[in-house]
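Asker: Structure file work-v4.txt (compact mmCIF, C-alpha atoms) is given on the next line.
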# COMPACT_ATOMS: atom_id res chain seq x y z
CA MET A 24 -1.86 15.87 -9.25
CA LYS A 25 -1.23 19.63 -9.15
CA LYS A 26 2.24 21.04 -8.40
CA SER A 27 0.66 23.02 -5.57
CA GLU A 28 -0.15 19.78 -3.73
CA PHE A 29 3.49 18.72 -3.67
CA LYS A 30 4.60 22.22 -2.69
CA ARG A 31 2.14 22.18 0.21
CA ARG A 32 3.62 18.92 1.45
CA ARG A 33 7.20 20.15 1.22
CA THR A 34 6.27 23.36 3.02
CA GLN A 35 4.57 21.43 5.80
CA LEU A 36 7.56 19.12 6.17
CA MET A 37 10.06 22.00 6.32
CA LYS A 38 8.00 23.74 9.01
CA MET A 39 8.26 20.59 11.09
CA MET A 40 12.01 20.32 10.42
CA GLY A 41 12.82 23.89 11.42
CA LYS A 42 15.73 26.14 10.50
CA GLY A 43 19.29 24.89 10.48
CA THR A 44 18.32 21.53 8.98
CA ILE A 45 18.53 19.74 5.66
CA ALA A 46 16.47 16.83 4.31
CA ILE A 47 17.93 14.46 1.73
CA LEU A 48 15.86 11.82 -0.04
CA PRO A 49 17.07 9.63 -2.94
CA SER A 50 14.72 8.28 -5.59
CA ALA A 51 14.39 4.63 -6.46
CA SER A 52 16.77 3.21 -9.05
CA GLN A 53 16.08 1.13 -12.14
CA VAL A 54 16.38 -2.58 -11.29
CA THR A 55 17.54 -5.23 -13.75
CA ARG A 56 15.14 -8.12 -14.24
CA ASN A 57 17.42 -10.30 -16.33
CA ARG A 58 20.30 -9.50 -18.65
CA ASP A 59 19.21 -6.46 -20.73
CA VAL A 60 15.67 -6.32 -19.37
CA ASP A 61 14.61 -4.07 -16.48
CA PHE A 62 11.65 -4.36 -14.13
CA PRO A 63 8.99 -1.68 -14.73
CA PHE A 64 10.16 1.34 -12.77
CA ARG A 65 8.25 2.23 -9.59
CA GLN A 66 9.26 5.41 -7.81
CA ASP A 67 10.09 5.43 -4.10
CA SER A 68 6.81 6.33 -2.39
CA ASP A 69 8.28 8.98 -0.06
CA PHE A 70 10.10 10.60 -2.98
CA LEU A 71 6.93 10.54 -5.10
CA TYR A 72 4.90 12.03 -2.24
CA LEU A 73 7.15 15.06 -1.94
CA THR A 74 8.14 15.66 -5.57
CA GLY A 75 5.76 13.99 -8.03
CA PHE A 76 8.96 13.28 -9.98
CA ASP A 77 8.90 9.86 -11.61
CA GLU A 78 12.46 9.37 -12.85
CA PRO A 79 15.17 7.15 -11.37
CA ASP A 80 18.61 8.37 -10.28
CA SER A 81 17.38 11.55 -8.62
CA VAL A 82 17.85 13.14 -5.20
CA MET A 83 15.60 15.66 -3.45
CA VAL A 84 17.12 18.18 -1.04
CA LEU A 85 15.10 20.50 1.21
CA ILE A 86 16.80 23.33 3.13
CA PRO A 87 14.30 25.44 5.12
CA GLY A 88 15.06 29.15 4.80
CA ARG A 89 17.74 28.83 2.10
CA LYS A 90 17.89 32.21 0.34
CA HIS A 91 18.60 30.75 -3.10
CA GLY A 92 15.69 28.32 -2.92
CA GLU A 93 14.59 25.70 -0.42
CA TYR A 94 13.86 22.84 -2.84
CA ILE A 95 16.74 21.43 -4.89
CA LEU A 96 16.39 18.48 -7.25
CA PHE A 97 19.35 16.55 -8.58
CA CYS A 98 18.35 14.57 -11.67
CA ARG A 99 19.64 13.29 -15.01
CA GLU A 100 20.54 15.82 -17.68
CA LYS A 101 18.76 16.01 -21.01
CA ASP A 102 20.49 13.62 -23.42
CA PRO A 103 19.01 13.24 -26.93
CA GLU A 104 20.82 9.98 -27.63
CA GLN A 105 19.79 8.31 -24.35
CA GLU A 106 16.26 9.66 -24.68
CA THR A 107 16.00 8.07 -28.13
CA TRP A 108 16.69 4.70 -26.57
CA HIS A 109 15.08 4.97 -23.14
CA GLY A 110 12.52 7.78 -23.13
CA ARG A 111 12.28 11.45 -22.32
CA ARG A 112 13.93 13.14 -19.35
CA ALA A 113 12.85 16.30 -17.58
CA GLY A 114 16.38 17.65 -17.25
CA GLN A 115 17.24 20.67 -15.14
CA GLU A 116 14.83 22.99 -16.94
CA GLY A 117 11.94 20.57 -16.61
CA ALA A 118 12.69 19.95 -12.93
CA VAL A 119 12.16 23.67 -12.29
CA GLU A 120 9.36 24.47 -14.73
CA ASP A 121 7.32 21.26 -14.53
CA TYR A 122 8.05 19.95 -11.04
CA GLY A 123 8.46 23.12 -9.00
CA ALA A 124 12.10 22.82 -7.98
CA ASP A 125 13.72 26.10 -6.95
CA ASP A 126 17.00 24.87 -8.38
CA SER A 127 18.20 21.76 -10.18
CA PHE A 128 21.62 20.26 -10.85
CA PRO A 129 22.84 17.25 -12.85
CA ILE A 130 22.95 14.09 -10.75
CA ASP A 131 26.54 13.54 -11.95
CA ASP A 132 27.56 16.78 -10.22
CA MET A 133 26.11 15.79 -6.84
CA ASP A 134 29.45 14.87 -5.24
CA ASP A 135 30.70 18.38 -5.96
CA ILE A 136 27.59 20.28 -4.86
CA LEU A 137 25.76 18.40 -2.10
CA PRO A 138 28.58 18.46 0.50
CA GLY A 139 28.51 22.26 0.33
CA LEU A 140 24.76 22.22 0.99
CA LEU A 141 25.35 20.16 4.13
CA GLU A 142 27.66 22.78 5.62
CA GLY A 143 26.17 25.15 8.14
CA ASN A 144 23.29 22.88 9.12
CA ASP A 145 22.86 21.29 12.54
CA ALA A 146 20.77 18.25 11.60
CA ILE A 147 20.30 16.00 8.57
CA PHE A 148 16.85 14.49 8.06
CA TYR A 149 17.39 11.21 6.24
CA VAL A 150 16.11 7.61 6.07
CA MET A 151 19.13 5.51 6.98
CA GLY A 152 19.24 1.89 5.75
CA ARG A 153 16.88 2.12 2.77
CA TYR A 154 19.57 2.70 0.15
CA ALA A 155 22.85 1.30 1.49
CA GLU A 156 25.07 2.71 -1.26
CA PHE A 157 23.71 6.24 -0.77
CA ASP A 158 24.13 5.85 3.01
CA GLN A 159 27.85 5.39 2.47
CA ARG A 160 28.09 8.40 0.16
CA LEU A 161 26.30 10.62 2.68
CA ILE A 162 28.47 9.46 5.57
CA GLY A 163 31.52 10.09 3.39
CA TRP A 164 30.43 13.68 2.71
CA VAL A 165 29.84 14.33 6.41
CA ASN A 166 33.19 12.85 7.36
CA HIS A 167 34.89 14.99 4.72
CA ILE A 168 33.34 18.11 6.28
CA LYS A 169 34.47 16.97 9.73
CA GLU A 170 38.03 16.72 8.47
CA GLN A 171 37.83 20.40 7.55
CA SER A 172 36.16 21.56 10.77
CA ARG A 173 39.39 23.23 11.92
CA SER A 174 39.03 25.55 8.94
CA GLY A 175 35.78 26.80 10.44
CA LEU A 176 33.32 24.60 8.56
CA HIS A 177 30.15 23.86 10.55
CA VAL A 178 29.50 20.12 10.69
CA PRO A 179 25.98 18.65 11.04
CA SER A 180 25.96 16.98 14.44
CA GLU A 181 22.78 14.95 14.24
CA PHE A 182 20.98 12.53 11.94
CA VAL A 183 17.20 12.63 12.35
CA SER A 184 14.88 9.95 10.95
CA LEU A 185 13.02 11.63 8.10
CA ASP A 186 10.38 8.93 7.92
CA TYR A 187 9.29 9.59 11.52
CA ILE A 188 7.61 12.87 10.58
CA LEU A 189 7.05 12.18 6.88
CA HIS A 190 5.12 8.97 7.42
CA ASP A 191 2.83 10.66 9.90
CA MET A 192 2.04 13.22 7.19
CA ARG A 193 1.31 10.49 4.67
CA LEU A 194 -1.14 8.82 7.04
CA PHE A 195 -3.67 11.65 6.58
CA LYS A 196 -4.98 11.80 3.03
CA SER A 197 -5.78 15.11 1.35
CA ARG A 198 -8.73 15.77 -0.95
CA GLU A 199 -6.47 15.32 -3.99
CA GLU A 200 -5.15 12.01 -2.69
CA LEU A 201 -8.64 10.73 -2.01
CA LYS A 202 -9.68 11.53 -5.59
CA LEU A 203 -6.97 9.19 -6.83
CA MET A 204 -7.82 6.51 -4.28
CA ARG A 205 -11.49 6.64 -5.28
CA LYS A 206 -10.47 6.29 -8.93
CA ALA A 207 -8.25 3.31 -8.12
CA ALA A 208 -11.09 1.75 -6.14
CA ALA A 209 -13.58 2.26 -9.00
CA ILE A 210 -11.26 0.63 -11.56
CA SER A 211 -10.61 -2.32 -9.26
CA VAL A 212 -14.33 -2.78 -8.61
CA ILE A 213 -14.98 -3.05 -12.37
CA ALA A 214 -12.19 -5.62 -12.71
CA HIS A 215 -13.63 -7.77 -9.90
CA LEU A 216 -17.09 -7.58 -11.48
CA ARG A 217 -15.60 -8.76 -14.81
CA ALA A 218 -14.00 -11.71 -13.05
CA MET A 219 -17.24 -12.75 -11.36
CA LYS A 220 -19.22 -12.53 -14.60
CA LEU A 221 -16.71 -14.45 -16.72
CA CYS A 222 -15.66 -17.20 -14.29
CA ARG A 223 -16.61 -20.76 -15.29
CA PRO A 224 -15.44 -24.26 -14.25
CA GLY A 225 -12.57 -25.51 -16.39
CA GLN A 226 -10.89 -22.13 -16.76
CA TYR A 227 -7.47 -21.48 -15.33
CA GLU A 228 -6.64 -19.01 -12.59
CA TYR A 229 -4.42 -17.06 -14.99
CA GLN A 230 -7.34 -16.56 -17.37
CA ILE A 231 -9.27 -14.80 -14.62
CA ALA A 232 -6.14 -12.89 -13.61
CA ALA A 233 -5.91 -11.62 -17.21
CA GLU A 234 -9.20 -9.76 -16.73
CA PHE A 235 -7.48 -7.62 -14.12
CA ASP A 236 -4.52 -7.00 -16.44
CA HIS A 237 -6.95 -5.89 -19.13
CA GLU A 238 -9.10 -3.62 -16.97
CA PHE A 239 -6.18 -2.00 -15.19
CA GLY A 240 -4.25 -1.48 -18.41
CA ARG A 241 -7.10 0.03 -20.38
CA SER A 242 -7.79 2.42 -17.49
CA GLY A 243 -4.22 3.68 -17.29
CA ALA A 244 -3.60 1.96 -13.96
CA GLN A 245 -1.09 -0.63 -12.75
CA HIS A 246 -1.27 -3.49 -10.30
CA ALA A 247 -0.69 -2.23 -6.77
CA TYR A 248 0.64 -5.69 -5.88
CA PRO A 249 0.79 -9.15 -7.51
CA ALA A 250 -2.74 -10.48 -7.88
CA ILE A 251 -3.85 -13.43 -5.76
CA VAL A 252 -6.23 -15.62 -7.79
CA GLY A 253 -6.62 -18.81 -5.77
CA GLY A 254 -9.14 -21.51 -6.54
CA GLY A 255 -10.08 -24.24 -4.06
CA ALA A 256 -7.17 -25.20 -1.81
CA ASN A 257 -5.14 -22.26 -3.12
CA GLY A 258 -7.56 -19.87 -1.42
CA CYS A 259 -6.18 -21.12 1.90
CA ILE A 260 -2.70 -19.83 1.00
CA LEU A 261 -2.67 -16.21 2.13
CA HIS A 262 -0.12 -14.92 -0.40
CA TYR A 263 -0.71 -17.36 -3.25
CA THR A 264 0.49 -15.84 -6.54
CA GLU A 265 1.26 -18.76 -8.90
CA ASN A 266 -2.23 -18.36 -10.44
CA ASN A 267 -1.74 -21.39 -12.73
CA GLN A 268 -4.25 -24.04 -11.64
CA VAL A 269 -7.55 -25.12 -13.17
CA LEU A 270 -10.78 -23.89 -11.54
CA ASN A 271 -12.91 -26.85 -10.54
CA ASP A 272 -16.67 -27.11 -10.33
CA GLY A 273 -17.73 -26.82 -6.68
CA ASP A 274 -14.67 -24.86 -5.56
CA LEU A 275 -14.46 -21.29 -4.35
CA LEU A 276 -12.26 -18.67 -6.01
CA LEU A 277 -10.54 -16.09 -3.77
CA ILE A 278 -9.29 -13.01 -5.62
CA ASP A 279 -7.20 -10.36 -3.87
CA SER A 280 -6.32 -7.70 -6.43
CA GLY A 281 -6.23 -3.92 -6.66
CA CYS A 282 -4.71 -1.30 -8.91
CA GLU A 283 -2.83 1.89 -8.25
CA VAL A 284 -3.38 5.26 -9.94
CA GLN A 285 -0.46 7.71 -9.89
CA GLY A 286 0.94 5.56 -7.11
CA TYR A 287 -2.20 5.45 -4.95
CA ALA A 288 -3.42 1.95 -4.22
CA SER A 289 -6.67 0.10 -3.85
CA ASP A 290 -6.89 -3.33 -2.21
CA ILE A 291 -9.95 -5.56 -2.64
CA THR A 292 -10.70 -9.22 -1.93
CA ARG A 293 -13.80 -11.17 -2.88
CA THR A 294 -14.49 -14.91 -2.68
CA PHE A 295 -17.11 -16.48 -4.91
CA PRO A 296 -18.13 -19.94 -6.22
CA VAL A 297 -16.52 -21.03 -9.49
CA ASN A 298 -19.85 -22.46 -10.68
CA GLY A 299 -21.88 -19.49 -9.47
CA LYS A 300 -23.56 -21.18 -6.51
CA TYR A 301 -22.31 -21.45 -2.93
CA SER A 302 -22.67 -24.86 -1.29
CA PRO A 303 -24.38 -24.84 2.14
CA ALA A 304 -21.01 -25.26 3.89
CA GLN A 305 -19.39 -22.51 1.82
CA ARG A 306 -22.30 -20.17 2.51
CA ASP A 307 -22.09 -20.83 6.25
CA ILE A 308 -18.42 -19.83 6.37
CA TYR A 309 -18.97 -16.93 4.00
CA ASN A 310 -21.73 -15.48 6.17
CA ILE A 311 -19.47 -15.65 9.23
CA VAL A 312 -16.72 -13.72 7.44
CA LEU A 313 -19.23 -11.20 6.09
CA ALA A 314 -20.68 -10.65 9.56
CA ALA A 315 -17.15 -10.16 10.91
CA GLN A 316 -16.36 -7.60 8.23
CA MET A 317 -19.57 -5.66 8.82
CA ALA A 318 -18.92 -5.65 12.58
CA ALA A 319 -15.37 -4.40 11.98
CA ILE A 320 -16.46 -1.64 9.59
CA LYS A 321 -18.92 -0.35 12.19
CA LYS A 322 -15.94 0.23 14.49
CA VAL A 323 -14.19 2.48 11.98
CA LYS A 324 -14.91 5.96 13.30
CA PRO A 325 -13.00 8.83 14.91
CA GLY A 326 -11.99 8.22 18.50
CA ASN A 327 -11.96 4.43 18.26
CA GLN A 328 -8.64 2.65 18.54
CA TRP A 329 -6.90 1.00 15.61
CA ASN A 330 -7.47 -2.42 17.16
CA ASP A 331 -11.23 -2.02 17.73
CA PRO A 332 -12.20 -3.31 14.24
CA HIS A 333 -9.93 -6.33 14.69
CA ASN A 334 -11.45 -7.16 18.07
CA ALA A 335 -14.94 -6.88 16.59
CA ALA A 336 -13.99 -9.26 13.78
CA ILE A 337 -12.51 -11.78 16.22
CA ARG A 338 -15.70 -11.77 18.30
CA ALA A 339 -17.89 -12.34 15.23
CA ILE A 340 -15.66 -15.10 13.83
CA THR A 341 -15.39 -16.92 17.16
CA LYS A 342 -19.15 -16.70 17.71
CA GLY A 343 -19.86 -17.96 14.20
CA LEU A 344 -17.41 -20.85 14.40
CA THR A 345 -18.88 -22.02 17.70
CA GLU A 346 -22.39 -21.95 16.20
CA ILE A 347 -21.35 -24.35 13.43
CA LYS A 348 -19.28 -26.44 15.88
CA LEU A 349 -15.87 -25.78 14.31
CA LEU A 350 -14.92 -24.31 17.68
CA LYS A 351 -16.30 -25.69 20.92
CA GLY A 352 -16.57 -23.89 24.22
CA ASN A 353 -17.33 -20.48 25.65
CA PRO A 354 -16.62 -17.76 23.05
CA ALA A 355 -15.03 -15.40 25.58
CA LYS A 356 -12.70 -18.14 26.80
CA LEU A 357 -11.92 -19.19 23.21
CA ILE A 358 -10.99 -15.59 22.34
CA LYS A 359 -8.72 -15.35 25.37
CA GLU A 360 -7.04 -18.59 24.27
CA GLN A 361 -6.85 -17.33 20.65
CA ALA A 362 -8.49 -20.52 19.45
CA TYR A 363 -9.72 -18.67 16.35
CA ARG A 364 -6.15 -18.44 15.07
CA LYS A 365 -6.41 -22.00 13.77
CA TYR A 366 -8.71 -20.59 11.08
CA TYR A 367 -8.02 -16.84 11.17
CA MET A 368 -4.33 -16.06 11.58
CA HIS A 369 -3.87 -12.52 10.25
CA ARG A 370 -4.88 -8.99 11.23
CA THR A 371 -8.12 -7.40 10.07
CA GLY A 372 -6.52 -4.56 8.12
CA HIS A 373 -3.67 -2.19 7.36
CA TRP A 374 -3.14 1.42 6.32
CA LEU A 375 -3.62 2.13 2.62
CA GLY A 376 -2.19 4.88 0.41
CA LEU A 377 0.91 5.23 -1.76
CA ASP A 378 1.90 1.78 -0.52
CA VAL A 379 -0.65 -1.00 -0.37
CA HIS A 380 0.62 -1.68 3.15
CA ASP A 381 1.01 2.01 3.78
CA VAL A 382 3.20 3.81 6.27
CA GLY A 383 2.04 5.07 9.66
CA ASP A 384 2.35 3.87 13.24
CA TYR A 385 -0.30 1.50 14.58
CA LYS A 386 0.59 2.34 18.16
CA VAL A 387 1.54 5.60 19.85
CA GLY A 388 3.69 4.64 22.79
CA ASP A 389 2.11 1.48 24.17
CA GLN A 390 -1.45 2.42 23.14
CA TRP A 391 -3.24 1.58 19.92
CA ARG A 392 -3.54 4.68 17.74
CA LEU A 393 -6.85 6.51 17.66
CA LEU A 394 -8.59 6.66 14.29
CA GLU A 395 -8.90 10.17 12.84
CA PRO A 396 -10.56 11.66 9.75
CA GLY A 397 -8.44 11.31 6.62
CA MET A 398 -6.96 7.93 7.48
CA VAL A 399 -7.63 5.08 5.01
CA LEU A 400 -7.43 1.43 6.01
CA THR A 401 -8.52 -1.97 4.78
CA ILE A 402 -10.97 -4.24 6.56
CA GLU A 403 -10.28 -7.85 5.58
CA PRO A 404 -11.27 -10.69 7.91
CA GLY A 405 -11.04 -14.26 6.64
CA ILE A 406 -11.42 -17.93 7.49
CA TYR A 407 -9.16 -20.63 6.01
CA ILE A 408 -9.73 -24.37 6.42
CA PRO A 409 -7.17 -26.49 4.52
CA ALA A 410 -7.98 -30.09 3.68
CA HIS A 411 -7.19 -32.66 6.35
CA SER A 412 -7.44 -30.08 9.14
CA LYS A 413 -7.47 -32.05 12.38
CA GLY A 414 -10.95 -32.74 13.70
CA VAL A 415 -12.68 -30.97 10.80
CA HIS A 416 -15.38 -32.65 8.71
CA ARG A 417 -14.63 -33.07 5.01
CA LYS A 418 -17.44 -30.69 4.00
CA TRP A 419 -15.38 -27.76 5.34
CA TRP A 420 -12.12 -28.72 3.61
CA ASP A 421 -10.44 -26.25 1.26
CA ILE A 422 -12.79 -23.42 2.11
CA GLY A 423 -10.73 -20.24 2.13
CA ILE A 424 -12.71 -17.00 2.32
CA ARG A 425 -11.59 -13.40 2.71
CA ILE A 426 -13.65 -10.25 2.15
CA GLU A 427 -11.74 -6.96 1.92
CA ASP A 428 -12.77 -3.36 1.38
CA ASP A 429 -11.05 0.02 1.54
CA VAL A 430 -12.43 2.32 4.23
CA LEU A 431 -11.92 6.06 4.80
CA VAL A 432 -12.32 7.49 8.28
CA THR A 433 -14.62 10.53 8.04
CA SER A 434 -15.62 13.19 10.57
CA THR A 435 -18.80 11.28 11.47
CA GLY A 436 -17.86 7.65 10.86
CA CYS A 437 -16.50 6.05 7.71
CA GLU A 438 -16.92 5.74 3.96
CA VAL A 439 -16.37 2.41 2.20
CA LEU A 440 -14.52 3.42 -0.96
CA THR A 441 -15.16 0.02 -2.56
CA GLN A 442 -18.85 -0.18 -1.62
CA ALA A 443 -19.91 -0.59 -5.28
CA LEU A 444 -18.60 -4.16 -5.40
CA VAL A 445 -21.22 -6.73 -4.37
CA LYS A 446 -20.42 -9.00 -1.45
CA LYS A 447 -23.67 -10.50 -0.15
CA PRO A 448 -23.78 -14.14 -1.30
CA GLY A 449 -27.18 -13.79 -2.97
CA GLU A 450 -26.04 -10.69 -4.88
CA ILE A 451 -22.91 -12.46 -6.09
CA GLU A 452 -24.90 -15.48 -7.25
CA ALA A 453 -27.37 -13.24 -9.09
CA LEU A 454 -24.54 -11.36 -10.80
CA MET A 455 -22.86 -14.58 -11.93
CA ALA A 456 -26.16 -16.03 -13.16
CA GLY A 457 -26.90 -12.91 -15.23
If you convert what's in this file into structure tokens, what do you get?

Answerer:
Amino acid sequence: MKKSEFKRRRTQLMKMMGKGTIAILPSASQVTRNRDVDFPFRQDSDFLYLTGFDEPDSVMVLIPGRKHGEYILFCREKDPEQETWHGRRAGQEGAVEDYGADDSFPIDDMDDILPGLLEGNDAIFYVMGRYAEFDQRLIGWVNHIKEQSRSGLHVPSEFVSLDYILHDMRLFKSREELKLMRKAAAISVIAHLRAMKLCRPGQYEYQIAAEFDHEFGRSGAQHAYPAIVGGGANGCILHYTENNQVLNDGDLLLIDSGCEVQGYASDITRTFPVNGKYSPAQRDIYNIVLAAQMAAIKKVKPGNQWNDPHNAAIRAITKGLTEIKLLKGNPAKLIKEQAYRKYYMHRTGHWLGLDVHDVGDYKVGDQWRLLEPGMVLTIEPGIYIPAHSKGVHRKWWDIGIRIEDDVLVTSTGCEVLTQALVKKPGEIEALMAG
């Protein structure tokens, strides 16, 4: 992504902050996995959004109107020995030349420099509680300034939640962001198609999961979240990630997997028969979920409320379940009683962006938020019927189905970013047979 995109974001944020303020945002830190092994580093999403800087142990500072430069980046110094072992660093020169910082200082000098930057400002924009150790350092700096207030130092008198305004910015995706989200969606679609084509009875869930590892890796992408590859009964576990069981003839396979590109996520779920052919019972449930998803997607357009797609999905699921006698009674009364929750217990979607469950309020005050162009959300209704469910015939047991796509709100309606992935049962069967 171009440096100008990050500069635009910082400029927009500082306009919202106003003069006499300072924003401070730490990066993520490297996390130990076990002994001398670290987890793969993933940058803090807010930090990445504003800087594009992908190193740990860094701190971004924004000071609107500062004469010597509004954007300051504290980061690790260049160190040939450490870089030989652990990889290249941008250093202070790179922070300025490659990442657009107006000024950059070594992270080890932060205790000497940052307190002076706090002086003279009225408010500190900061996300309290995310990084507890940094919280204590910041409070310590402020208290130190307070102790010197009799010497004429101006002490910031207010902490303002940085994420309140920043997360509202992140909710609306720019053209550059959408390019990356479309790329992530396209890679994930190919991976799901590979899984459908290669799936056979007798394979293990992890063998199918490996197709996603392969496709994401060869495309320069990473998993946006741990893949869910659940065959049979495992498809009824919403966040199943063991992915270690054999795939049996006659079972369904539910796969919830998406990649991220430069931090931007995709999120797709498909459910298909291990042997390539839906049973009549499986097809009945599948068609209900598909109808619910289509009804929900139709409600994704500017001016509709966030909850409108969910309500549409509930109506379709309740209607479908009454038609096949899994629910009995008047659909309107059943909806009021939330009888559907026995089989459909989660929401129909979430915001999508730099986080797979992206930031942004779902309500404004006590009202559901209105959908606006530039927002991206998932639409993912499902039905889950574990074995031995009370009063449920055996033919429905262990049917777990979810269908999920990524949807962009446009000026006239919506665009399904993952439209290229088949989801009609006949199309899936034809693909698997080919």

Asker: What is the distance, in Å and to one decimal place, between atom CA of Glu199 of chain A and atom CA of Tyr72 of chain A?

Answerer: 12.0 Å

Asker: Could you tell me how far atom CA of Met219 of chain A sits from atom CA of Phe239 of chain A, in Å to one decimal place?

Answerer: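 Atom CA of Met219 of chain A lies at a distance of 15.9 Å from atom CA of Phe239 of chain A.
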
Asker: Would you kindly identify which residues have an atom no farther than 8 Å from (16.2, 13.6, 10.5), using only C-alpha atoms and the file's own coordinates, and write them out as a ChimeraX atom specification?

Answerer: /A:40,46,146-150,181-186

Asker: Can you tell me which residues surround segment 260-262 of chain A at a distance of at most 12 Å, considering only C-alpha atoms, apart from same-chain residues fewer than 4 positions away, and format the answer as a ChimeraX atom specification?

Answerer: /A:248-256,266,276-280,292,366-370,403-410,421-425

Asker: Report as a list in words all protein, DNA and RNA residues lying within 9 Å of segment 162-164 of chain A, evaluated on all atoms listed in the file, omitting residues in the same chain fewer than 3 positions from it.

Answerer: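 Contacts, in chain order: Asp134, Leu137, Pro138, Leu141, Phe157, Asp158, Gln159, His167, Ile168 and Lys169 of chain A.
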
Asker: What is the atom CA of Tyr229 of chain A to atom CA of Tyr263 of chain A distance in Å?

Answerer: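 Spanning atom CA of Tyr229 of chain A to atom CA of Tyr263 of chain A is a straight-line distance of 12.3 Å.
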
Asker: Please identify all polymer residues within 10 Å of segment 304-312 of chain A, counting all atoms listed in the file, omitting same-chain residues fewer than 4 positions from it, and present them as a ChimeraX atom specification.

Answerer: /A:273-275,294-296,300,316-318,336-337,339-344,346-347,367,403-408,418-426,446-449

Asker: Which residues are near segment 393-395 of chain A? Cut-off 7 Å, all atoms listed in the file, ignore same chain within fewer than 4 positions. Put them as a PyMOL selection string.

Answerer: chain A and resi 324-329+432

Asker: With a distance cut-off of 10 Å and all atoms listed in the file, select the neighbouring residues of segment 116-121 of chain A, excluding the residue or stretch itself and same-chain residues fewer than 2 positions from it, and output the selection as an NGL selection string.

Answerer: :A and (26 or 74-76 or 94-101 or 112-114 or 123-128)

Asker: Export, as a PDB file, in the coordinates of the input, the selected residues with C-alpha atoms.

Answerer:
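What follows is the written file selection-v4.pdb:
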ATOM      1  CA  LYS A  26       2.240  21.040  -8.400  1.00  0.00           C
ATOM      2  CA  THR A  74       8.140  15.660  -5.570  1.00  0.00           C
ATOM      3  CA  GLY A  75       5.760  13.990  -8.030  1.00  0.00           C
ATOM      4  CA  PHE A  76       8.960  13.280  -9.980  1.00  0.00           C
ATOM      5  CA  TYR A  94      13.860  22.840  -2.840  1.00  0.00           C
ATOM      6  CA  ILE A  95      16.740  21.430  -4.890  1.00  0.00           C
ATOM      7  CA  LEU A  96      16.390  18.480  -7.250  1.00  0.00           C
ATOM      8  CA  PHE A  97      19.350  16.550  -8.580  1.00  0.00           C
ATOM      9  CA  CYS A  98      18.350  14.570 -11.670  1.00  0.00           C
ATOM     10  CA  ARG A  99      19.640  13.290 -15.010  1.00  0.00           C
ATOM     11  CA  GLU A 100      20.540  15.820 -17.680  1.00  0.00           C
ATOM     12  CA  LYS A 101      18.760  16.010 -21.010  1.00  0.00           C
ATOM     13  CA  ARG A 112      13.930  13.140 -19.350  1.00  0.00           C
ATOM     14  CA  ALA A 113      12.850  16.300 -17.580  1.00  0.00           C
ATOM     15  CA  GLY A 114      16.380  17.650 -17.250  1.00  0.00           C
ATOM     16  CA  GLY A 123       8.460  23.120  -9.000  1.00  0.00           C
ATOM     17  CA  ALA A 124      12.100  22.820  -7.980  1.00  0.00           C
ATOM     18  CA  ASP A 125      13.720  26.100  -6.950  1.00  0.00           C
ATOM     19  CA  ASP A 126      17.000  24.870  -8.380  1.00  0.00           C
ATOM     20  CA  SER A 127      18.200  21.760 -10.180  1.00  0.00           C
ATOM     21  CA  PHE A 128      21.620  20.260 -10.850  1.00  0.00           C
TER      22      PHE A 128
END

Asker: From the list A:Gly240, A:Phe235, A:Pro79, A:Pro49, which residue is nearest Met151 of chain A when using all atoms listed in the file?

Answerer: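 Closest residue, counting all atoms listed in the file: A:Pro49.
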
Asker: Taking into account only C-alpha atoms, which residue in the set A:Leu221, A:Gln285, A:Val82, A:Arg32 is nearest to Met204 of chain A?

Answerer: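 Using only C-alpha atoms, Met204 of chain A sits closest to A:Gln285.
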
Asker: Have a look at A:Lys206, A:Arg223, A:Arg56, A:Lys356 and name the one nearest to Ser289 of chain A; count all atoms listed in the file.

Answerer: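 Smallest distance to Ser289 of chain A is found for A:Lys206.
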
Asker: Kindly list the centre and edge lengths in Å, rounded to one decimal, for the axis-aligned box that covers all listed atoms of segment 197-215 of chain A plus 3 Å on each of its six sides, as JSON.

Answerer:
{"center_x": -10.1, "center_y": 4.0, "center_z": -5.7, "size_x": 15.8, "size_y": 29.5, "size_z": 20.1}

Asker: With only C-alpha atoms as the basis for distance, which of A:Leu349, A:Val84, A:Asp77, A:Ala232 is at the shortest distance from Arg417 of chain A?

Answerer: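 Using only C-alpha atoms, Arg417 of chain A sits closest to A:Leu349.
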
Asker: Between A:Gly88, A:Tyr301, A:Met37, A:Val399, single out the one closest to Glu450 of chain A, counting all atoms listed in the file.

Answerer: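 Using all atoms listed in the file, Glu450 of chain A sits closest to A:Tyr301.
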